[in-house]
Every structure is written in structure tokens, then in C-alpha cells.
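Student: One file is attached below, data-v3.pdb, containing PDB, C-alpha atoms and all ligand atoms.
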```pdb
ATOM      1  CA  MET W   1     122.038 -81.394  -1.565
ATOM      2  CA  VAL W   2     120.217 -78.072  -1.359
ATOM      3  CA  GLU W   3     116.444 -78.216  -0.963
ATOM      4  CA  HIS W   4     113.954 -75.396  -0.943
ATOM      5  CA  LYS W   5     110.363 -75.695   0.270
ATOM      6  CA  ILE W   6     107.537 -73.823  -1.417
ATOM      7  CA  LEU W   7     104.000 -74.312  -0.075
ATOM      8  CA  ASP W   8     105.012 -77.611   1.555
ATOM      9  CA  GLN W   9     106.513 -78.963  -1.673
ATOM     10  CA  THR W  10     110.197 -79.850  -1.891
ATOM     11  CA  PHE W  11     112.478 -78.680  -4.660
ATOM     12  CA  VAL W  12     116.037 -79.956  -4.981
ATOM     13  CA  LEU W  13     118.200 -77.206  -6.456
ATOM     14  CA  CYS W  14     120.872 -78.750  -8.667
ATOM     15  CA  PRO W  15     124.190 -77.082  -9.540
ATOM     16  CA  GLU W  16     123.409 -78.079 -13.156
ATOM     17  CA  ARG W  17     120.804 -75.271 -12.968
ATOM     18  CA  ALA W  18     117.804 -77.556 -12.790
ATOM     19  CA  ILE W  19     115.142 -78.249 -10.176
ATOM     20  CA  TYR W  20     113.870 -81.616  -9.085
ATOM     21  CA  TRP W  21     110.343 -81.502  -7.617
ATOM     22  CA  LYS W  22     110.465 -84.403  -5.204
ATOM     23  CA  GLU W  23     106.759 -85.007  -4.530
ATOM     24  CA  LYS W  24     105.870 -85.153  -8.246
ATOM     25  CA  GLY W  25     109.160 -86.484  -9.574
ATOM     26  CA  PHE W  26     109.414 -83.658 -12.117
ATOM     27  CA  LEU W  27     112.719 -82.448 -13.461
ATOM     28  CA  ILE W  28     112.269 -78.748 -14.282
ATOM     29  CA  ILE W  29     114.565 -76.831 -16.596
ATOM     30  CA  ALA W  30     114.390 -73.371 -18.151
ATOM     31  CA  ASP W  31     116.049 -71.685 -21.092
ATOM     32  CA  VAL W  32     118.213 -74.361 -22.667
ATOM     33  CA  HIS W  33     118.473 -72.288 -25.857
ATOM     34  CA  LEU W  34     119.584 -75.245 -27.954
ATOM     35  CA  GLY W  35     120.460 -74.423 -31.529
ATOM     36  CA  LYS W  36     121.863 -71.039 -30.636
ATOM     37  CA  ALA W  37     125.292 -71.984 -31.962
ATOM     38  CA  GLY W  38     123.882 -72.726 -35.433
ATOM     39  CA  HIS W  39     121.891 -69.510 -35.258
ATOM     40  CA  PHE W  40     125.073 -67.537 -34.578
ATOM     41  CA  ARG W  41     127.026 -69.302 -37.302
ATOM     42  CA  LYS W  42     124.433 -68.150 -39.814
ATOM     43  CA  SER W  43     125.419 -64.621 -38.841
ATOM     44  CA  GLY W  44     129.066 -65.510 -39.415
ATOM     45  CA  ILE W  45     129.993 -65.988 -35.767
ATOM     46  CA  PRO W  46     131.834 -69.297 -35.370
ATOM     47  CA  VAL W  47     130.427 -71.249 -32.417
ATOM     48  CA  SER W  48     130.624 -75.020 -32.215
ATOM     49  CA  ASP W  49     127.551 -77.248 -31.850
ATOM     50  CA  LEU W  50     129.536 -79.117 -29.207
ATOM     51  CA  ILE W  51     128.262 -76.580 -26.717
ATOM     52  CA  HIS W  52     124.788 -78.093 -27.200
ATOM     53  CA  SER W  53     126.046 -81.668 -27.012
ATOM     54  CA  LYS W  54     127.241 -80.635 -23.574
ATOM     55  CA  ASP W  55     123.737 -79.415 -22.686
ATOM     56  CA  ILE W  56     122.140 -82.662 -23.871
ATOM     57  CA  LEU W  57     124.731 -84.685 -22.000
ATOM     58  CA  ALA W  58     124.017 -82.675 -18.838
ATOM     59  CA  LEU W  59     120.279 -83.332 -19.313
ATOM     60  CA  ASP W  60     120.940 -87.010 -19.786
ATOM     61  CA  LYS W  61     122.962 -87.172 -16.582
ATOM     62  CA  LEU W  62     120.209 -85.424 -14.612
ATOM     63  CA  ILE W  63     117.639 -87.897 -15.946
ATOM     64  CA  ASN W  64     119.837 -90.800 -14.924
ATOM     65  CA  ARG W  65     120.346 -89.330 -11.469
ATOM     66  CA  TYR W  66     116.729 -88.488 -10.634
ATOM     67  CA  ASN W  67     114.794 -90.909 -12.822
ATOM     68  CA  PRO W  68     112.004 -88.309 -13.159
ATOM     69  CA  THR W  69     108.362 -89.047 -13.989
ATOM     70  CA  GLN W  70     108.424 -86.100 -16.450
ATOM     71  CA  VAL W  71     110.817 -83.472 -17.730
ATOM     72  CA  LEU W  72     109.346 -79.979 -17.825
ATOM     73  CA  PHE W  73     110.991 -77.260 -19.914
ATOM     74  CA  LEU W  74     109.985 -73.726 -18.970
ATOM     75  CA  GLY W  75     110.469 -72.293 -22.436
ATOM     76  CA  ASP W  76     113.205 -71.251 -24.812
ATOM     77  CA  LEU W  77     114.194 -74.842 -25.325
ATOM     78  CA  PHE W  78     115.290 -74.181 -28.883
ATOM     79  CA  HIS W  79     116.714 -70.813 -29.810
ATOM     80  CA  SER W  80     116.490 -70.849 -33.563
ATOM     81  CA  ASP W  81     114.411 -71.759 -36.570
ATOM     82  CA  HIS W  82     114.855 -75.347 -37.651
ATOM     83  CA  ASN W  83     118.419 -76.616 -37.934
ATOM     84  CA  GLN W  84     120.458 -79.759 -37.379
ATOM     85  CA  GLY W  85     120.499 -79.070 -33.635
ATOM     86  CA  TRP W  86     116.763 -79.753 -33.402
ATOM     87  CA  GLU W  87     117.116 -83.074 -35.230
ATOM     88  CA  ILE W  88     119.772 -84.173 -32.749
ATOM     89  CA  PHE W  89     117.556 -83.145 -29.872
ATOM     90  CA  ARG W  90     114.487 -84.801 -31.409
ATOM     91  CA  ARG W  91     116.332 -88.117 -31.680
ATOM     92  CA  TRP W  92     117.514 -87.820 -28.107
ATOM     93  CA  VAL W  93     113.984 -87.128 -26.801
ATOM     94  CA  LYS W  94     112.642 -90.154 -28.719
ATOM     95  CA  SER W  95     115.399 -92.335 -27.304
ATOM     96  CA  LYS W  96     114.184 -91.481 -23.785
ATOM     97  CA  SER W  97     110.648 -92.772 -24.464
ATOM     98  CA  PRO W  98     108.449 -93.610 -22.540
ATOM     99  CA  LEU W  99     109.718 -90.684 -20.447
ATOM    100  CA  LYS W 100     107.408 -87.706 -21.078
ATOM    101  CA  PHE W 101     108.662 -84.231 -21.885
ATOM    102  CA  VAL W 102     106.550 -81.093 -21.578
ATOM    103  CA  LEU W 103     107.561 -77.804 -23.177
ATOM    104  CA  VAL W 104     105.923 -74.638 -21.893
ATOM    105  CA  ARG W 105     106.461 -72.550 -24.981
ATOM    106  CA  GLY W 106     108.847 -69.590 -24.749
ATOM    107  CA  ASN W 107     109.360 -66.628 -27.082
ATOM    108  CA  HIS W 108     112.191 -68.451 -28.865
ATOM    109  CA  ASP W 109     110.193 -71.645 -29.428
ATOM    110  CA  VAL W 110     109.083 -70.806 -32.959
ATOM    111  CA  LEU W 111     109.609 -74.038 -34.895
ATOM    112  CA  ASN W 112     106.852 -75.288 -37.205
ATOM    113  CA  GLU W 113     104.189 -77.247 -35.358
ATOM    114  CA  SER W 114     105.224 -80.394 -37.240
ATOM    115  CA  ASP W 115     108.749 -80.128 -35.824
ATOM    116  CA  TYR W 116     107.279 -80.565 -32.343
ATOM    117  CA  HIS W 117     105.448 -83.759 -33.291
ATOM    118  CA  ILE W 118     107.359 -86.169 -31.132
ATOM    119  CA  SER W 119     105.249 -88.843 -29.456
ATOM    120  CA  ASN W 120     106.630 -88.222 -25.969
ATOM    121  CA  LEU W 121     106.736 -84.409 -26.188
ATOM    122  CA  LEU W 122     103.783 -82.209 -25.252
ATOM    123  CA  VAL W 123     103.874 -78.482 -26.095
ATOM    124  CA  VAL W 124     101.685 -76.105 -24.066
ATOM    125  CA  ASP W 125     101.486 -72.360 -23.393
ATOM    126  CA  PHE W 126     101.437 -72.788 -19.622
ATOM    127  CA  LEU W 127     100.977 -75.566 -17.118
ATOM    128  CA  ASP W 128      98.917 -75.509 -13.922
ATOM    129  CA  ILE W 129      99.639 -78.103 -11.311
ATOM    130  CA  SER W 130      98.258 -76.823  -8.046
ATOM    131  CA  PRO W 131      99.676 -74.962  -6.200
ATOM    132  CA  PHE W 132     102.009 -74.010  -9.050
ATOM    133  CA  HIS W 133     101.533 -72.080 -12.245
ATOM    134  CA  PHE W 134     104.377 -72.778 -14.683
ATOM    135  CA  THR W 135     105.095 -70.202 -17.405
ATOM    136  CA  HIS W 136     107.984 -69.013 -19.542
ATOM    137  CA  HIS W 137     107.528 -65.280 -18.947
ATOM    138  CA  PRO W 138     107.187 -64.449 -15.266
ATOM    139  CA  LEU W 139     103.607 -63.357 -14.527
ATOM    140  CA  GLU W 140     103.289 -59.704 -13.606
ATOM    141  CA  SER W 141     100.494 -60.157 -11.158
ATOM    142  CA  ASN W 142      99.940 -63.453  -9.562
ATOM    143  CA  GLU W 143      97.138 -64.257  -7.186
ATOM    144  CA  GLY W 144      96.757 -67.548  -5.474
ATOM    145  CA  ASP W 145      99.112 -70.016  -7.080
ATOM    146  CA  TYR W 146     102.871 -69.727  -6.974
ATOM    147  CA  ASN W 147     104.377 -68.871 -10.366
ATOM    148  CA  LEU W 148     107.548 -70.637 -11.494
ATOM    149  CA  ALA W 149     109.108 -69.162 -14.628
ATOM    150  CA  GLY W 150     112.207 -68.789 -16.776
ATOM    151  CA  HIS W 151     113.078 -66.195 -19.424
ATOM    152  CA  ILE W 152     114.989 -63.804 -17.179
ATOM    153  CA  HIS W 153     118.246 -65.824 -16.776
ATOM    154  CA  PRO W 154     118.596 -64.359 -13.263
ATOM    155  CA  ALA W 155     122.032 -63.612 -11.821
ATOM    156  CA  VAL W 156     123.621 -61.599  -9.026
ATOM    157  CA  ARG W 157     127.053 -60.102  -8.547
ATOM    158  CA  LEU W 158     129.060 -61.632  -5.729
ATOM    159  CA  PHE W 159     131.997 -59.754  -4.250
ATOM    160  CA  GLY W 160     135.184 -61.457  -3.098
ATOM    161  CA  LYS W 161     137.655 -60.377  -0.416
ATOM    162  CA  ALA W 162     139.903 -58.495  -2.808
ATOM    163  CA  ARG W 163     136.919 -56.510  -4.108
ATOM    164  CA  GLN W 164     136.862 -58.603  -7.249
ATOM    165  CA  SER W 165     133.374 -59.529  -8.300
ATOM    166  CA  VAL W 166     131.822 -62.277 -10.311
ATOM    167  CA  ARG W 167     128.374 -62.628 -11.801
ATOM    168  CA  VAL W 168     126.711 -65.915 -10.948
ATOM    169  CA  PRO W 169     123.383 -67.387 -12.036
ATOM    170  CA  VAL W 170     120.800 -67.834  -9.284
ATOM    171  CA  PHE W 171     117.615 -69.584  -8.340
ATOM    172  CA  TYR W 172     115.309 -66.825  -7.135
ATOM    173  CA  PHE W 173     112.240 -67.345  -4.931
ATOM    174  CA  GLY W 174     110.062 -64.373  -4.032
ATOM    175  CA  THR W 175     106.793 -64.327  -2.122
ATOM    176  CA  ASN W 176     104.668 -65.677  -4.962
ATOM    177  CA  GLN W 177     107.108 -66.180  -7.818
ATOM    178  CA  GLY W 178     110.272 -68.154  -8.474
ATOM    179  CA  LEU W 179     112.752 -67.873 -11.356
ATOM    180  CA  LEU W 180     115.029 -70.598 -12.629
ATOM    181  CA  PRO W 181     118.531 -69.914 -13.914
ATOM    182  CA  ALA W 182     119.112 -70.586 -17.604
ATOM    183  CA  PHE W 183     120.167 -74.186 -18.138
ATOM    184  CA  GLY W 184     122.073 -73.695 -21.395
ATOM    185  CA  GLU W 185     125.836 -73.258 -21.384
ATOM    186  CA  PHE W 186     125.607 -70.739 -24.177
ATOM    187  CA  THR W 187     123.260 -68.122 -22.707
ATOM    188  CA  GLY W 188     123.632 -64.730 -21.068
ATOM    189  CA  THR W 189     122.450 -63.635 -17.632
ATOM    190  CA  ALA W 190     120.598 -60.614 -16.251
ATOM    191  CA  LYS W 191     121.210 -59.033 -12.871
ATOM    192  CA  ILE W 192     118.097 -58.998 -10.708
ATOM    193  CA  LYS W 193     117.065 -56.944  -7.688
ATOM    194  CA  ILE W 194     116.557 -58.843  -4.476
ATOM    195  CA  LYS W 195     114.347 -58.037  -1.518
ATOM    196  CA  LYS W 196     115.183 -59.002   2.058
ATOM    197  CA  THR W 197     112.340 -61.489   2.160
ATOM    198  CA  ASP W 198     113.453 -63.337  -1.006
ATOM    199  CA  ASP W 199     115.301 -66.636  -0.993
ATOM    200  CA  VAL W 200     118.182 -66.618  -3.437
ATOM    201  CA  PHE W 201     120.632 -69.413  -4.227
ATOM    202  CA  ALA W 202     123.807 -68.833  -6.219
ATOM    203  CA  VAL W 203     124.991 -71.535  -8.585
ATOM    204  CA  THR W 204     128.704 -72.140  -8.984
ATOM    205  CA  GLN W 205     130.371 -74.865 -11.045
ATOM    206  CA  SER W 206     129.598 -77.584  -8.532
ATOM    207  CA  GLU W 207     127.566 -76.018  -5.725
ATOM    208  CA  VAL W 208     124.334 -74.251  -4.868
ATOM    209  CA  ILE W 209     124.811 -71.711  -2.080
ATOM    210  CA  LYS W 210     122.164 -69.716  -0.268
ATOM    211  CA  ILE W 211     122.979 -66.016  -0.308
ATOM    212  CA  GLY W 212     121.691 -62.924   1.443
ATOM    213  CA  GLN W 213     120.158 -62.444   4.898
TER     214      GLN W 213
HETATM  215 MN    MN K 301     112.537 -66.162 -23.244
END
```
Please lay out the structure from this file as C-alpha cells.

Tutor:
Amino acid sequence: MVEHKILDQTFVLCPERAIYWKEKGFLIIADVHLGKAGHFRKSGIPVSDLIHSKDILALDKLINRYNPTQVLFLGDLFHSDHNQGWEIFRRWVKSKSPLKFVLVRGNHDVLNESDYHISNLLVVDFLDISPFHFTHHPLESNEGDYNLAGHIHPAVRLFGKARQSVRVPVFYFGTNQGLLPAFGEFTGTAKIKIKKTDDVFAVTQSEVIKIGQ
């Protein structure tokens, strides 16, 4: 199990691309992008909704493993305007009651307010729990609290012995800001620049591996 300490708090970094905040019992997840398959189909690109069933199943497994006090989504939970995918997700969230879910709204979270009316779901624009400031978009300047964010879908390129390379999602932790990898199966990634002082963890199918230094 890979753990990373930030300001004396302990974060378990899961290969499922989620974080478990031990002291608070929070399961933290960014960029699920549910509903993206339906969104693509509307444009004539055939993608199965099964890809999202896989995401929900992975979420369910994480909840069973960690038994969190809350599940915190750092934005871009749902990729699309309303479709069947949201109804499936809504039912699943309800079935987990009394477990509380918090969505820090991302740029893709554009459903009607009434769609978010689920008794155990709270939707906010940001969340402050000292010493952390949770947002979807990474804050550009950040004084004091440590910012944890999504949106970027951070990744790095790793090089193998035979000069082949592979792009892998990462957990990124800078001096006063951390970025979570995108949780969703059906999402892209963006290469990020890393400084020597940063802590970066690559996520493979089954492992989290510290890289650099
Ligand atoms: Mn976003």
C-alpha cells in the first residue's frame, strides 16, 4: 500500500486512481466523466455504456474496501447533459445511503439543479477542510492551505529498456498543490512537467509506483 503524507495527514494512493484520506476517512476521486459514452454516441461514435458500469463497479469496490465516512468527487463526475447514465448513477448513489457524497462541481457538471437533488449528495463549488482546499480546477496561486484538484488528468511518459515508452496517469504532489489522476476508464490524459522537489506516483494496472529523484 502506497501512502503519501501532506502536512501530517496520510493519503493512501490506490491503483484504482483514488485517494483515501486516512484521518478523515474520505475517499477522494476526480474526473469520473460518467455519461461520456452516451455523449459520444449522440455524435455517432459507438461507445458502450458498459465502460461506465465498470467505473461504478470500481467505485463500489473502493467503498467496500475502505468503508469511507464520505466520498468526495473533485469535479467532472458526469460528462454530459442528462442521459440514462445519470439515472443509473443516481440510483447507485441512493443505494449507498446513508453514505454521504460530495461533488465539487467541475466544468462538465452542467446538469439541471433538480438532477442533483439526491438526499445523500451535496454539490458545492469548492470545499475547505483545513489544511486542504479542494477544487476542480487547480488554483493558480495558493497561499496557506494545500490545494487538491482534478481537471488536468495528469500523466507522464515512462521509458522502458528498449526505448519504448508508455504514458501513465500519475498522482502529482507539488509544494502547495496536488493533482489526482482521472478516475474514469474513458478519459484522456495530459503530460505534465515535473520539478525535482515534486512527489510523483505512476499508476499502472495494479500498482502505484513512486517515480523521479
Ligand atoms: Mn474539468

Student: Can you tell me, as a PyMOL selection string, what residues are no more than 7 Å from segment 116-132 of chain W when counting all atoms listed in the file, ignoring any on the same chain fewer than 3 positions away?

Tutor: chain W and resi 94+97-105+113+135+145-148

Student: If you count only C-alpha atoms and all ligand atoms, which residues end up within 8 Å of ligand MN 301 (chain K), as a list in words?

Tutor: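 The neighbouring residues of ligand MN 301 (chain K) are, in order, Asp31, Gly75, Asp76, Gly106, Asn107, His108, His136, His137, Gly150, His151 and Ile152 of chain W.
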
Student: Extract, using all atoms listed in the file, all DNA, RNA and protein residues at most 9 Å from Val2 of chain W, discarding same-chain residues fewer than 6 positions from it, and format them as a list in words.

Tutor: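 Those residues are Phe11, Val12, Leu13, Cys14, Glu207, Val208, Ile209 and Lys210 of chain W.
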
Student: Return the single residue from W:Ile19, W:Leu72, W:Leu57, W:Val170 that is closest to Asp198 of chain W, with distances computed using all atoms listed in the file.

Tutor: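 Closest to Asp198 of chain W of all the choices is W:Val170.
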
Student: Atom CA of Gln9 of chain W to atom CA of Phe134 of chain W: how many Å, to one decimal?

Tutor: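 It comes out at 14.6 Å.
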
Student: Got a sec to resolve the PyMOL selection byres (((chain W and resi 182) around 12) and not hetatm) on this structure and send the residues as a PyMOL selection string?

Tutor: chain W and resi 15-19+28-34+55+73-77+136+149-155+168-172+179-181+183-190+203

Student: Restricting the calculation to all atoms listed in the file: of W:Tyr20, W:Asn83, W:Lys191, W:Glu143, which residue gets closest to Lys5 of chain W?

Tutor: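 For Lys5 of chain W, the nearest of the given residues is W:Tyr20.
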
Student: With a distance cut-off of 9 Å and only C-alpha atoms, select the neighbouring residues of Asn112 of chain W, excluding the residue or stretch itself and same-chain residues fewer than 3 positions from it, and output the selection as a list of chain:residue names.

Tutor: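 Here the answer would be W:Asp81, W:His82, W:Asp115, W:Tyr116.
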
Student: Go ahead and write the residues just picked, C-alpha atoms, as a PDB file, in the frame of the given file.

Tutor:
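Result file follows (out22.pdb):
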```pdb
ATOM      1  CA  ASP W  81     114.411 -71.759 -36.570  1.00  0.00           C
ATOM      2  CA  HIS W  82     114.855 -75.347 -37.651  1.00  0.00           C
ATOM      3  CA  ASP W 115     108.749 -80.128 -35.824  1.00  0.00           C
ATOM      4  CA  TYR W 116     107.279 -80.565 -32.343  1.00  0.00           C
TER       5      TYR W 116
END
```

Student: Report, in Å to a single decimal, how far apart atom CA of Phe173 of chain W and atom CA of Val200 of chain W are.

Tutor: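 We find that atom CA of Val200 of chain W and atom CA of Phe173 of chain W lie 6.2 Å from each other.
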
Student: Please compute the atom CA of Asp60 of chain W-atom CA of Val93 of chain W distance, one decimal, in Å.

Tutor: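 Answer for the atom CA of Asp60 of chain W to atom CA of Val93 of chain W separation: 9.9 Å.
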
Student: Under the rule that all atoms listed in the file are counted, which of W:Ile211, W:Val110, W:Ala58, W:Lys193 is the nearest residue to Phe159 of chain W?

Tutor: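 For Phe159 of chain W, the nearest of the given residues is W:Ile211.
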
Student: Rank nothing, just name the residue among W:Thr175, W:Ser141, W:Ser53, W:Ser165 nearest to Gly85 of chain W, using only C-alpha atoms.

Tutor: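 So, comparing all the options, the nearest one is W:Ser53.
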
Student: Using all atoms listed in the file, determine which residues lie at most 8 Å from Tyr66 of chain W, disregarding the query and same-chain residues fewer than 2 positions distant; provide the list as a list in words.

Tutor: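 The residues satisfying every condition are Tyr20, Gly25, Leu27, Leu62, Ile63, Asn64 and Pro68 of chain W.
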
Student: What are the centre and the three edge lengths of an axis-aligned box that wraps all atoms of segment 83-87 of chain W in the file, given that 6 Å is added to every side, written as JSON and rounded to one decimal in Å?

Tutor:
```
{"center_x": 118.6, "center_y": -79.8, "center_z": -35.7, "size_x": 15.7, "size_y": 18.5, "size_z": 16.5}
```
